[in-house]
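Colleague: I am sharing final.pdb, which consists of PDB, C-alpha atoms, pLDDT in the B column:
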ATOM      1  CA  MET A  16       0.000   0.000   0.000  1.00 83.00           C
ATOM      2  CA  LEU A  17       2.559   2.538   1.100  1.00 89.00           C
ATOM      3  CA  THR A  18       5.021   1.483  -1.598  1.00 92.00           C
ATOM      4  CA  ILE A  19       2.430   2.085  -4.320  1.00 94.00           C
ATOM      5  CA  ALA A  20       1.566   5.465  -2.829  1.00 94.00           C
ATOM      6  CA  ILE A  21       5.242   6.411  -2.706  1.00 95.00           C
ATOM      7  CA  LYS A  22       5.657   5.448  -6.377  1.00 95.00           C
ATOM      8  CA  ILE A  23       2.668   7.621  -7.331  1.00 95.00           C
ATOM      9  CA  VAL A  24       4.043  10.503  -5.263  1.00 95.00           C
ATOM     10  CA  TYR A  25       7.446  10.216  -6.972  1.00 96.00           C
ATOM     11  CA  LEU A  26       5.684  10.354 -10.326  1.00 96.00           C
ATOM     12  CA  MET A  27       3.651  13.457  -9.411  1.00 95.00           C
ATOM     13  CA  LEU A  28       6.651  15.267  -7.989  1.00 96.00           C
ATOM     14  CA  SER A  29       8.718  14.499 -11.091  1.00 96.00           C
ATOM     15  CA  LEU A  30       5.911  15.806 -13.270  1.00 96.00           C
ATOM     16  CA  SER A  31       5.734  19.047 -11.303  1.00 95.00           C
ATOM     17  CA  LEU A  32       9.525  19.403 -11.461  1.00 95.00           C
ATOM     18  CA  LEU A  33       9.243  19.125 -15.234  1.00 95.00           C
ATOM     19  CA  MET A  34       6.542  21.811 -15.390  1.00 94.00           C
ATOM     20  CA  ALA A  35       8.539  24.149 -13.184  1.00 94.00           C
ATOM     21  CA  PHE A  36      11.503  23.595 -15.492  1.00 95.00           C
ATOM     22  CA  ILE A  37       9.353  24.524 -18.492  1.00 94.00           C
ATOM     23  CA  ARG A  38       8.558  27.864 -16.842  1.00 92.00           C
ATOM     24  CA  LEU A  39      12.196  28.302 -15.848  1.00 93.00           C
ATOM     25  CA  SER A  40      13.395  27.917 -19.406  1.00 93.00           C
ATOM     26  CA  ARG A  41      10.587  29.846 -21.055  1.00 90.00           C
ATOM     27  CA  GLY A  42       9.763  32.576 -18.500  1.00 78.00           C
ATOM     28  CA  PRO A  43       9.530  35.962 -20.197  1.00 85.00           C
ATOM     29  CA  SER A  44      11.165  37.968 -17.440  1.00 86.00           C
ATOM     30  CA  LEU A  45      13.761  37.368 -14.761  1.00 88.00           C
ATOM     31  CA  PRO A  46      11.307  37.477 -11.792  1.00 89.00           C
ATOM     32  CA  ASP A  47       9.328  34.660 -13.415  1.00 91.00           C
ATOM     33  CA  ARG A  48      12.438  32.535 -13.418  1.00 92.00           C
ATOM     34  CA  VAL A  49      13.138  33.389  -9.784  1.00 91.00           C
ATOM     35  CA  VAL A  50       9.603  32.317  -8.805  1.00 92.00           C
ATOM     36  CA  SER A  51      10.086  29.075 -10.707  1.00 93.00           C
ATOM     37  CA  LEU A  52      13.411  28.458  -8.941  1.00 93.00           C
ATOM     38  CA  GLU A  53      11.646  28.942  -5.619  1.00 93.00           C
ATOM     39  CA  LEU A  54       9.054  26.342  -6.575  1.00 94.00           C
ATOM     40  CA  ILE A  55      11.793  23.947  -7.722  1.00 95.00           C
ATOM     41  CA  ALA A  56      13.479  24.291  -4.328  1.00 94.00           C
ATOM     42  CA  SER A  57      10.299  23.436  -2.462  1.00 93.00           C
ATOM     43  CA  ILE A  58       9.660  20.470  -4.796  1.00 95.00           C
ATOM     44  CA  VAL A  59      13.150  19.204  -4.013  1.00 95.00           C
ATOM     45  CA  VAL A  60      12.456  19.568  -0.275  1.00 94.00           C
ATOM     46  CA  ALA A  61       9.347  17.433  -0.766  1.00 95.00           C
ATOM     47  CA  PHE A  62      11.374  14.917  -2.783  1.00 95.00           C
ATOM     48  CA  VAL A  63      13.920  14.580   0.002  1.00 95.00           C
ATOM     49  CA  GLY A  64      11.137  14.032   2.545  1.00 94.00           C
ATOM     50  CA  VAL A  65       9.561  11.297   0.430  1.00 95.00           C
ATOM     51  CA  HIS A  66      12.922   9.638  -0.044  1.00 95.00           C
ATOM     52  CA  ALA A  67      13.526   9.754   3.714  1.00 94.00           C
ATOM     53  CA  ILE A  68      10.269   7.873   4.238  1.00 93.00           C
ATOM     54  CA  ASP A  69      11.043   5.477   1.394  1.00 93.00           C
ATOM     55  CA  SER A  70      14.530   4.531   2.542  1.00 93.00           C
ATOM     56  CA  GLY A  71      14.065   4.933   6.281  1.00 91.00           C
ATOM     57  CA  VAL A  72      17.150   7.128   6.599  1.00 92.00           C
ATOM     58  CA  ALA A  73      16.179   9.990   8.879  1.00 90.00           C
ATOM     59  CA  SER A  74      19.440  11.895   8.356  1.00 92.00           C
ATOM     60  CA  LEU A  75      18.205  12.983   4.923  1.00 93.00           C
ATOM     61  CA  LEU A  76      16.092  15.613   6.666  1.00 93.00           C
ATOM     62  CA  ASP A  77      19.249  17.647   7.253  1.00 93.00           C
ATOM     63  CA  VAL A  78      19.544  17.961   3.486  1.00 93.00           C
ATOM     64  CA  ALA A  79      15.967  19.254   3.345  1.00 93.00           C
ATOM     65  CA  ILE A  80      16.745  21.857   6.013  1.00 94.00           C
ATOM     66  CA  VAL A  81      19.790  23.092   4.114  1.00 94.00           C
ATOM     67  CA  ILE A  82      17.890  23.262   0.795  1.00 94.00           C
ATOM     68  CA  ALA A  83      15.056  25.265   2.359  1.00 93.00           C
ATOM     69  CA  LEU A  84      17.533  27.684   3.941  1.00 94.00           C
ATOM     70  CA  THR A  85      19.507  28.122   0.734  1.00 94.00           C
ATOM     71  CA  SER A  86      16.421  28.720  -1.385  1.00 93.00           C
ATOM     72  CA  PHE A  87      15.200  31.457   0.958  1.00 93.00           C
ATOM     73  CA  LEU A  88      18.580  33.193   0.918  1.00 94.00           C
ATOM     74  CA  ALA A  89      18.731  32.858  -2.866  1.00 93.00           C
ATOM     75  CA  ALA A  90      15.280  34.420  -3.235  1.00 92.00           C
ATOM     76  CA  VAL A  91      16.195  37.401  -1.056  1.00 92.00           C
ATOM     77  CA  GLY A  92      19.505  37.820  -2.851  1.00 92.00           C
ATOM     78  CA  PHE A  93      17.895  37.683  -6.288  1.00 90.00           C
ATOM     79  CA  ALA A  94      15.293  40.228  -5.241  1.00 89.00           C
ATOM     80  CA  ARG A  95      17.941  42.675  -4.029  1.00 89.00           C
ATOM     81  CA  PHE A  96      19.881  42.107  -7.225  1.00 89.00           C
ATOM     82  CA  LEU A  97      16.765  42.905  -9.263  1.00 85.00           C
ATOM     83  CA  GLU A  98      15.968  46.038  -7.291  1.00 83.00           C
ATOM     84  CA  ARG A  99      19.484  47.336  -7.713  1.00 81.00           C
ATOM     85  CA  GLY A 100      18.822  47.539 -11.409  1.00 71.00           C
ATOM     86  CA  ALA A 101      19.376  44.382 -13.390  1.00 61.00           C
ATOM     87  CA  GLN A 102      17.884  44.365 -16.846  1.00 55.00           C
ATOM     88  CA  GLY A 103      15.091  41.809 -16.643  1.00 48.00           C
TER      89      GLY A 103
ATOM     90  CA  MET B  30      -3.160   2.248  10.095  1.00 82.00           C
ATOM     91  CA  THR B  31      -0.079   4.430  10.196  1.00 89.00           C
ATOM     92  CA  ASP B  32       0.655   3.483   6.624  1.00 91.00           C
ATOM     93  CA  TRP B  33      -2.742   4.739   5.507  1.00 93.00           C
ATOM     94  CA  LEU B  34      -2.209   8.040   7.295  1.00 93.00           C
ATOM     95  CA  ILE B  35       1.246   8.468   5.744  1.00 94.00           C
ATOM     96  CA  ALA B  36      -0.118   7.645   2.297  1.00 95.00           C
ATOM     97  CA  ILE B  37      -2.955  10.151   2.648  1.00 95.00           C
ATOM     98  CA  PHE B  38      -0.587  12.908   3.744  1.00 95.00           C
ATOM     99  CA  LEU B  39       1.869  12.132   0.947  1.00 95.00           C
ATOM    100  CA  LEU B  40      -0.797  12.035  -1.750  1.00 95.00           C
ATOM    101  CA  THR B  41      -2.478  15.275  -0.692  1.00 96.00           C
ATOM    102  CA  GLY B  42       0.869  17.032  -0.369  1.00 95.00           C
ATOM    103  CA  SER B  43       2.073  15.952  -3.776  1.00 95.00           C
ATOM    104  CA  THR B  44      -1.291  16.889  -5.281  1.00 96.00           C
ATOM    105  CA  PHE B  45      -0.842  20.412  -3.952  1.00 96.00           C
ATOM    106  CA  VAL B  46       2.680  20.567  -5.371  1.00 96.00           C
ATOM    107  CA  LEU B  47       1.419  19.337  -8.734  1.00 95.00           C
ATOM    108  CA  LEU B  48      -1.316  21.994  -8.737  1.00 95.00           C
ATOM    109  CA  ALA B  49       1.299  24.646  -7.978  1.00 95.00           C
ATOM    110  CA  ALA B  50       3.338  23.459 -10.951  1.00 95.00           C
ATOM    111  CA  VAL B  51       0.283  23.478 -13.233  1.00 95.00           C
ATOM    112  CA  GLY B  52      -0.453  27.020 -12.051  1.00 94.00           C
ATOM    113  CA  ILE B  53       3.048  28.213 -12.701  1.00 93.00           C
ATOM    114  CA  VAL B  54       2.859  26.951 -16.268  1.00 93.00           C
ATOM    115  CA  ARG B  55      -0.680  28.018 -17.108  1.00 92.00           C
ATOM    116  CA  LEU B  56      -1.278  31.357 -15.395  1.00 90.00           C
ATOM    117  CA  PRO B  57      -0.768  34.562 -17.352  1.00 90.00           C
ATOM    118  CA  ASP B  58       1.489  36.942 -15.396  1.00 89.00           C
ATOM    119  CA  LEU B  59       3.998  37.186 -12.585  1.00 89.00           C
ATOM    120  CA  ALA B  60       1.641  37.966  -9.715  1.00 88.00           C
ATOM    121  CA  THR B  61      -0.807  35.171 -10.494  1.00 90.00           C
ATOM    122  CA  ARG B  62       2.010  32.694 -11.015  1.00 91.00           C
ATOM    123  CA  MET B  63       3.429  33.651  -7.654  1.00 91.00           C
ATOM    124  CA  HIS B  64      -0.024  33.303  -6.145  1.00 90.00           C
ATOM    125  CA  ALA B  65      -0.151  29.708  -7.354  1.00 89.00           C
ATOM    126  CA  SER B  66       3.363  28.601  -6.605  1.00 89.00           C
ATOM    127  CA  THR B  67       4.013  30.130  -3.198  1.00 90.00           C
ATOM    128  CA  LYS B  68       0.944  29.030  -1.290  1.00 92.00           C
ATOM    129  CA  ALA B  69       0.258  25.646  -2.843  1.00 93.00           C
ATOM    130  CA  GLY B  70       3.911  24.689  -3.090  1.00 93.00           C
ATOM    131  CA  ALA B  71       4.631  25.580   0.533  1.00 93.00           C
ATOM    132  CA  LEU B  72       1.520  23.728   1.718  1.00 94.00           C
ATOM    133  CA  GLY B  73       2.503  20.646  -0.272  1.00 95.00           C
ATOM    134  CA  ALA B  74       6.032  20.590   1.151  1.00 94.00           C
ATOM    135  CA  MET B  75       4.640  21.103   4.660  1.00 94.00           C
ATOM    136  CA  MET B  76       2.203  18.197   4.278  1.00 95.00           C
ATOM    137  CA  ILE B  77       4.964  15.904   3.091  1.00 95.00           C
ATOM    138  CA  MET B  78       7.001  16.916   6.140  1.00 95.00           C
ATOM    139  CA  GLY B  79       3.922  16.026   8.210  1.00 95.00           C
ATOM    140  CA  ALA B  80       4.017  12.575   6.610  1.00 95.00           C
ATOM    141  CA  VAL B  81       7.682  12.334   7.634  1.00 94.00           C
ATOM    142  CA  MET B  82       6.693  13.205  11.201  1.00 94.00           C
ATOM    143  CA  ILE B  83       4.140  10.377  11.220  1.00 94.00           C
ATOM    144  CA  ALA B  84       6.502   7.899   9.602  1.00 94.00           C
ATOM    145  CA  PHE B  85       9.267   8.466  12.163  1.00 93.00           C
ATOM    146  CA  HIS B  86       6.972   8.817  15.137  1.00 91.00           C
ATOM    147  CA  GLU B  87       9.178   6.619  17.339  1.00 92.00           C
ATOM    148  CA  GLN B  88      12.177   8.932  17.100  1.00 92.00           C
ATOM    149  CA  PRO B  89      11.611  12.297  18.787  1.00 92.00           C
ATOM    150  CA  GLU B  90      14.666  13.988  17.291  1.00 92.00           C
ATOM    151  CA  VAL B  91      13.382  13.317  13.755  1.00 93.00           C
ATOM    152  CA  ILE B  92       9.986  14.720  14.667  1.00 94.00           C
ATOM    153  CA  THR B  93      11.674  17.848  15.979  1.00 94.00           C
ATOM    154  CA  ARG B  94      13.676  18.232  12.808  1.00 93.00           C
ATOM    155  CA  ALA B  95      10.630  17.840  10.560  1.00 93.00           C
ATOM    156  CA  ALA B  96       8.710  20.333  12.708  1.00 94.00           C
ATOM    157  CA  ALA B  97      11.611  22.757  12.342  1.00 93.00           C
ATOM    158  CA  ILE B  98      11.382  22.440   8.554  1.00 94.00           C
ATOM    159  CA  ILE B  99       7.626  23.067   8.674  1.00 95.00           C
ATOM    160  CA  ILE B 100       8.027  26.183  10.800  1.00 95.00           C
ATOM    161  CA  PHE B 101      10.861  27.426   8.625  1.00 94.00           C
ATOM    162  CA  ILE B 102       8.812  27.056   5.425  1.00 93.00           C
ATOM    163  CA  LEU B 103       5.842  28.701   7.137  1.00 93.00           C
ATOM    164  CA  ILE B 104       7.941  31.714   8.091  1.00 94.00           C
ATOM    165  CA  THR B 105      10.085  32.180   4.993  1.00 93.00           C
ATOM    166  CA  ALA B 106       7.637  31.462   2.146  1.00 92.00           C
ATOM    167  CA  PRO B 107       5.634  34.719   2.585  1.00 92.00           C
ATOM    168  CA  ILE B 108       8.803  36.766   3.007  1.00 93.00           C
ATOM    169  CA  ALA B 109      10.353  35.385  -0.160  1.00 92.00           C
ATOM    170  CA  ALA B 110       7.126  35.902  -2.116  1.00 92.00           C
ATOM    171  CA  HIS B 111       6.787  39.477  -0.878  1.00 92.00           C
ATOM    172  CA  VAL B 112      10.370  40.333  -1.759  1.00 92.00           C
ATOM    173  CA  ILE B 113      10.191  38.839  -5.240  1.00 91.00           C
ATOM    174  CA  GLY B 114       6.819  40.424  -5.975  1.00 89.00           C
ATOM    175  CA  ARG B 115       8.097  43.809  -4.882  1.00 88.00           C
ATOM    176  CA  ALA B 116      11.159  43.502  -7.101  1.00 88.00           C
ATOM    177  CA  GLY B 117       9.025  42.349 -10.009  1.00 87.00           C
ATOM    178  CA  TYR B 118       6.650  45.306  -9.636  1.00 85.00           C
ATOM    179  CA  PHE B 119       9.508  47.789  -9.491  1.00 82.00           C
ATOM    180  CA  LEU B 120      11.046  46.244 -12.554  1.00 82.00           C
ATOM    181  CA  GLY B 121       7.819  46.962 -14.439  1.00 77.00           C
ATOM    182  CA  THR B 122       6.862  43.463 -15.462  1.00 80.00           C
ATOM    183  CA  PRO B 123       3.577  43.854 -17.354  1.00 80.00           C
ATOM    184  CA  LEU B 124       0.414  42.719 -15.598  1.00 82.00           C
ATOM    185  CA  TRP B 125      -2.216  40.582 -17.238  1.00 83.00           C
ATOM    186  CA  LYS B 126      -4.422  42.537 -19.634  1.00 82.00           C
ATOM    187  CA  GLY B 127      -7.541  41.622 -17.638  1.00 80.00           C
ATOM    188  CA  THR B 128      -6.207  43.181 -14.446  1.00 80.00           C
ATOM    189  CA  ILE B 129      -8.867  45.414 -12.911  1.00 81.00           C
ATOM    190  CA  LYS B 130      -7.145  47.021  -9.986  1.00 78.00           C
ATOM    191  CA  ASP B 131      -3.621  48.311  -9.501  1.00 77.00           C
ATOM    192  CA  GLU B 132      -3.703  50.664  -6.574  1.00 74.00           C
ATOM    193  CA  LEU B 133      -0.021  51.494  -6.574  1.00 74.00           C
ATOM    194  CA  ARG B 134       0.079  52.790 -10.114  1.00 74.00           C
ATOM    195  CA  ASP B 135      -1.161  56.331  -9.475  1.00 73.00           C
ATOM    196  CA  ARG B 136       0.168  56.725  -5.969  1.00 75.00           C
ATOM    197  CA  TYR B 137       3.647  55.339  -6.103  1.00 74.00           C
ATOM    198  CA  ASP B 138       6.532  57.407  -7.379  1.00 73.00           C
ATOM    199  CA  GLN B 139       8.966  55.095  -9.124  1.00 69.00           C
ATOM    200  CA  GLN B 140      11.863  57.536  -8.929  1.00 70.00           C
ATOM    201  CA  THR B 141      11.663  58.709  -5.333  1.00 71.00           C
ATOM    202  CA  HIS B 142      10.051  55.562  -3.901  1.00 70.00           C
ATOM    203  CA  VAL B 143       7.439  57.587  -2.033  1.00 75.00           C
ATOM    204  CA  LEU B 144       3.919  56.255  -1.565  1.00 74.00           C
ATOM    205  CA  LYS B 145       1.257  58.939  -1.534  1.00 77.00           C
ATOM    206  CA  SER B 146      -1.811  58.228   0.528  1.00 73.00           C
ATOM    207  CA  GLY B 147      -4.479  59.991   2.494  1.00 62.00           C
ATOM    208  CA  PRO B 148      -7.754  61.665   1.602  1.00 60.00           C
ATOM    209  CA  GLY B 149      -6.267  64.823   0.073  1.00 56.00           C
ATOM    210  CA  GLU B 150      -4.262  63.052  -2.552  1.00 52.00           C
ATOM    211  CA  GLN B 151      -6.702  60.563  -3.991  1.00 51.00           C
ATOM    212  CA  PRO B 152      -6.074  60.502  -7.733  1.00 52.00           C
ATOM    213  CA  ALA B 153      -9.690  59.811  -8.702  1.00 52.00           C
ATOM    214  CA  ALA B 154     -13.009  59.285  -7.039  1.00 48.00           C
ATOM    215  CA  PRO B 155     -12.802  55.806  -5.540  1.00 50.00           C
ATOM    216  CA  SER B 156     -16.498  55.111  -5.987  1.00 49.00           C
ATOM    217  CA  SER B 157     -16.463  55.879  -9.671  1.00 44.00           C
ATOM    218  CA  PRO B 158     -18.438  53.255 -11.571  1.00 46.00           C
ATOM    219  CA  ASP B 159     -16.154  53.492 -14.590  1.00 45.00           C
ATOM    220  CA  ARG B 160     -13.426  50.996 -13.846  1.00 45.00           C
ATOM    221  CA  SER B 161     -11.876  50.937 -17.261  1.00 45.00           C
ATOM    222  CA  GLU B 162      -9.646  53.934 -16.560  1.00 44.00           C
ATOM    223  CA  LYS B 163      -8.100  52.137 -13.658  1.00 44.00           C
ATOM    224  CA  LYS B 164      -6.681  49.478 -15.891  1.00 47.00           C
ATOM    225  CA  ARG B 165      -2.956  49.566 -15.967  1.00 50.00           C
ATOM    226  CA  GLN B 166      -1.434  49.962 -19.372  1.00 51.00           C
ATOM    227  CA  PRO B 167       1.612  47.784 -19.937  1.00 54.00           C
ATOM    228  CA  ARG B 168       4.645  49.984 -19.816  1.00 52.00           C
ATOM    229  CA  LYS B 169       6.971  50.203 -22.730  1.00 50.00           C
ATOM    230  CA  ASP B 170      10.491  50.344 -21.432  1.00 49.00           C
TER     231      ASP B 170
END
Kindly present the structure from the file in structure tokens form.
Modeller:
Amino acid sequence: MLTIAIKIVYLMLSLSLLMAFIRLSRGPSLPDRVVSLELIASIVVAFVGVHAIDSGVASLLDVAIVIALTSFLAAVGFARFLERGAQG
Amino acid sequence: MTDWLIAIFLLTGSTFVLLAAVGIVRLPDLATRMHASTKAGALGAMMIMGAVMIAFHEQPEVITRAAAIIIFILITAPIAAHVIGRAGYFLGTPLWKGTIKDELRDRYDQQTHVLKSGPGEQPAAPSSPDRSEKKRQPRKD
């Protein structure tokens, strides 16, 4: 039961990663790409959580913490970079 | 029993993430895309972390770590969305052509970064039935 559910969840998360990548490569302006990067980071956090359940290795949650932290800092940094006058 | 609960949490969380991804592909402009991705994506990640909490319910340190991730996402997702939306507005990314209301357009000075407000400085009558003049024209720069 749980193994089937985990397979379905992997499939859905991969599909959403693909869609976020479509927006990342196509996005008309730079803020669109930054939003898509933010979504990719939270999809990867979800991926790491599912893999922690799947494999039973609880230490993988540290990776999820670091990814969440890095994505927040990247978002703030990108926003300051944009406000300082990058050409979007 | 626990397996069912974990499966339900995982499936709802990944459904929310998938909806966020569909929204980010299908919606027309930056603000609506952000509206889809920030809320639904954060909720999906938080529900999957809830599934992790249930799955490792015999180890308290893992529960604490997963709860820390949930609280961190809950705090930082609105801040990141606000900061990116602000930068996107200042950059002049065009809004969707069906946008009805843009309250900052007449009141915000892009050069001096001063927001005018108050009853004396209303740019137009707020109860005017004609809403078409409030539409924001896409800037050409």
Colleague: Using all atoms listed in the file, find which residues of chain B lie within 9 Å of chain A and jot them down as a ChimeraX atom specification.
Modeller: /B:32-33,35-37,39-40,42-44,46-51,53-54,58-59,62-63,66-67,70-71,73-78,80-81,84-85,91,94-95,97-98,101-102,105-106,108-110,112-117,119-120,122
Colleague: If I take atom CA of B:Phe38 and atom CA of B:Ala60, how far is one from the other in Å, to one decimal?
Modeller: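 According to the coordinates, atom CA of B:Phe38 and atom CA of B:Ala60 are separated by 28.5 Å.
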Colleague: Rounded to one decimal, what separation in Å do you get between atom CA of B:Ala69 and atom CA of B:Met30?
Modeller: 27.0 Å
Colleague: Hey, can you check how far atom CA of B:Val143 sits from atom CA of B:Thr61?
Modeller: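 That distance, rounded to one decimal, is 25.3 Å.
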